[in-house]
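S.K.: If you scroll down you'll find the structure; I have some questions about it.
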Amino acid sequence: MLCYAGLKVFLDMKGSKPIVMAKVLRDMLKEFPDLHEWAVVCSFYPQTLLAVKWYLPQFSTILTFRQWILRDKTENGSPRNKELWKRVLAPPADVALFSSIYNFLWYVCGANAVFIHKDLVSPAEIKYWKERNLDVIVWTVNDESTKAYLRSLNIPYITDDCTC
């Protein structure tokens with residue numbers, strides 16, 4: 001497999017079976033022994049990153065997060081949680097999750113970097129993570145003013161709009 005110098009592939013792992021996913025990744029190493037050099041595992045799920053670090057410590061991992069992920073609506077605008085009990089528990093669970101990400105989850109799951117949502121970007125946010133020796137990558141940035149701002153701070157970002 002051809003890999004261009006400096007190019008990194010982000011393997012965004014989702015799902016409810018983190019150990020199975022880590023073992024599949026381990027099997028991929030048999031076919032691509034240098035996979036860990038050009039691929040990075042990222043996930044919203046700390047347990048997935050923890051499983052990857054447990055089985056494959058040579059991989060770099062990125063903890064992805066944004067505010068209110070448990071209680072927000074889906075991309076099409078429908079409620080994420082249809083059951084009443086989930087709608088009631090989601091707001092305090094979101095606060096607990098967000099607090100734990102900042103206080104210890106990044107460390108426990110062995111993250112090498114964080115993907116932060118574009119709406120969280122601020123100099124204080126970037127400083128917070130840099131003080132913990134974590135790289136910061138912002139997602140998904142599609143407006144030119146935010147791209148220019150991040151470039152001025154030398155912060156990488158992910159976009160699905162390739163106009164420069």
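Ligands are numbered from 1 in the order shown, residues from 1 within each chain, and chains are lettered A, B, ... in the order they appear in the structure tokens.
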As a PyMOL selection string, please: every residue in chain A that DSSP puts in helix (DSSP H, G or I).

M.R.: chain A and resi 18-31+35-38+46-55+84-108+118-120+123-131+144-152

S.K.: Can you list every residue of segment 16-127 of chain A that has an atom at most 10 Å from segment 145-159 of chain A, with its nearest atom pair and the distance in Å to one decimal, using only C-alpha atoms, ordered by chain then number, as JSON lines?

M.R.:
```
{"residue": "A:Phe115", "atom": "CA", "partner": "A:Tyr157", "partner_atom": "CA", "distance": 8.7}
{"residue": "A:Ile116", "atom": "CA", "partner": "A:Tyr157", "partner_atom": "CA", "distance": 9.3}
{"residue": "A:His117", "atom": "CA", "partner": "A:Tyr157", "partner_atom": "CA", "distance": 9.7}
{"residue": "A:Lys118", "atom": "CA", "partner": "A:Thr146", "partner_atom": "CA", "distance": 8.2}
{"residue": "A:Asp119", "atom": "CA", "partner": "A:Thr146", "partner_atom": "CA", "distance": 10.0}
{"residue": "A:Val121", "atom": "CA", "partner": "A:Leu150", "partner_atom": "CA", "distance": 8.8}
{"residue": "A:Ser122", "atom": "CA", "partner": "A:Leu150", "partner_atom": "CA", "distance": 9.7}
{"residue": "A:Pro123", "atom": "CA", "partner": "A:Leu153", "partner_atom": "CA", "distance": 8.6}
{"residue": "A:Ile126", "atom": "CA", "partner": "A:Ile155", "partner_atom": "CA", "distance": 8.7}
```

S.K.: Could you check how far atom CA of Tyr55 of chain A sits from atom CA of Leu25 of chain A, in Å to one decimal?

M.R.: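 Spanning atom CA of Tyr55 of chain A to atom CA of Leu25 of chain A is a straight-line distance of 9.2 Å.
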
S.K.: I want to know what sits within 12 Å of Leu97 of chain A, based on only C-alpha atoms, with residues of the same chain fewer than 5 positions away left out; could you give that as a count of residues only?

M.R.: 18

S.K.: Considering only C-alpha atoms, return as a list in words whatever protein or nucleic-acid residues lie within 12 Å of Asp27 of chain A, sequence-local ones (same chain, fewer than 6 positions apart) excluded.

M.R.: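 In the requested format, the answer is Val20, Met21, Pro33, Leu35, Tyr55 and Leu56 of chain A.
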
S.K.: Could you save the residues just selected, with C-alpha atoms, as a PDB file, in the first residue's frame?

M.R.:
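Result went into result.pdb, see below:
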```pdb
ATOM      1  CA  VAL A  20     -13.206  -7.173  18.722  1.00  0.00           C
ATOM      2  CA  MET A  21     -12.253  -3.998  16.836  1.00  0.00           C
ATOM      3  CA  PRO A  33       3.174  -4.375   9.402  1.00  0.00           C
ATOM      4  CA  LEU A  35       0.170   0.307   9.668  1.00  0.00           C
ATOM      5  CA  TYR A  55      -3.723  -4.768  22.472  1.00  0.00           C
ATOM      6  CA  LEU A  56      -1.700  -2.425  20.229  1.00  0.00           C
TER       7      LEU A  56
END
```

S.K.: Could you check how far atom CA of Met13 of chain A sits from atom CA of Thr48 of chain A, in Å to one decimal?

M.R.: 7.3 Å

S.K.: With only C-alpha atoms as the counted atoms, please give the residues lying no more than 10 Å from Val52 of chain A, apart from itself and same-chain residues fewer than 4 positions off, as an MDAnalysis selection string.

M.R.: chainID A and resid 18:23 25:26 41:42 46:48 56:61 109:110

S.K.: Run DSSP on the backbone and give me the residues of segment 47-128 of chain A it puts in strand (DSSP E), as a ChimeraX atom specification.

M.R.: /A:60-65,113-117

S.K.: Let me see the file: selected residues, N, CA and C atoms, as a PDB file, in the first residue's frame.

M.R.:
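Writing done, so here's selection35.pdb:
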```
ATOM      1  N   SER A  60      -0.964   5.278  17.721  1.00  0.00           N
ATOM      2  CA  SER A  60      -1.380   6.563  18.271  1.00  0.00           C
ATOM      3  C   SER A  60      -2.906   6.602  18.268  1.00  0.00           C
ATOM      4  N   THR A  61      -3.469   7.231  19.287  1.00  0.00           N
ATOM      5  CA  THR A  61      -4.929   7.302  19.394  1.00  0.00           C
ATOM      6  C   THR A  61      -5.365   8.746  19.644  1.00  0.00           C
ATOM      7  N   ILE A  62      -6.567   9.027  19.174  1.00  0.00           N
ATOM      8  CA  ILE A  62      -7.129  10.365  19.316  1.00  0.00           C
ATOM      9  C   ILE A  62      -8.522  10.254  19.922  1.00  0.00           C
ATOM     10  N   LEU A  63      -8.743  10.959  21.008  1.00  0.00           N
ATOM     11  CA  LEU A  63     -10.057  11.014  21.633  1.00  0.00           C
ATOM     12  C   LEU A  63     -10.866  12.112  20.955  1.00  0.00           C
ATOM     13  N   THR A  64     -11.993  11.738  20.372  1.00  0.00           N
ATOM     14  CA  THR A  64     -12.873  12.676  19.682  1.00  0.00           C
ATOM     15  C   THR A  64     -14.011  13.054  20.617  1.00  0.00           C
ATOM     16  N   PHE A  65     -14.334  14.347  20.666  1.00  0.00           N
ATOM     17  CA  PHE A  65     -15.463  14.728  21.507  1.00  0.00           C
ATOM     18  C   PHE A  65     -16.068  16.047  21.060  1.00  0.00           C
ATOM     19  N   ALA A 113      -3.736  12.564  21.250  1.00  0.00           N
ATOM     20  CA  ALA A 113      -4.254  13.825  20.718  1.00  0.00           C
ATOM     21  C   ALA A 113      -5.750  13.873  20.981  1.00  0.00           C
ATOM     22  N   VAL A 114      -6.322  15.043  20.738  1.00  0.00           N
ATOM     23  CA  VAL A 114      -7.775  15.199  20.842  1.00  0.00           C
ATOM     24  C   VAL A 114      -8.298  15.816  19.552  1.00  0.00           C
ATOM     25  N   PHE A 115      -9.441  15.313  19.120  1.00  0.00           N
ATOM     26  CA  PHE A 115     -10.218  15.942  18.064  1.00  0.00           C
ATOM     27  C   PHE A 115     -11.274  16.756  18.776  1.00  0.00           C
ATOM     28  N   ILE A 116     -11.214  18.071  18.650  1.00  0.00           N
ATOM     29  CA  ILE A 116     -12.250  18.885  19.278  1.00  0.00           C
ATOM     30  C   ILE A 116     -13.152  19.472  18.199  1.00  0.00           C
ATOM     31  N   HIS A 117     -14.401  19.582  18.534  1.00  0.00           N
ATOM     32  CA  HIS A 117     -15.381  20.140  17.606  1.00  0.00           C
ATOM     33  C   HIS A 117     -15.084  21.617  17.392  1.00  0.00           C
TER      34      HIS A 117
END
```

S.K.: What gap, in Å, lies between atom CA of Leu134 of chain A and atom CA of Ser100 of chain A?

M.R.: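 These two atoms are separated by 16.1 Å.
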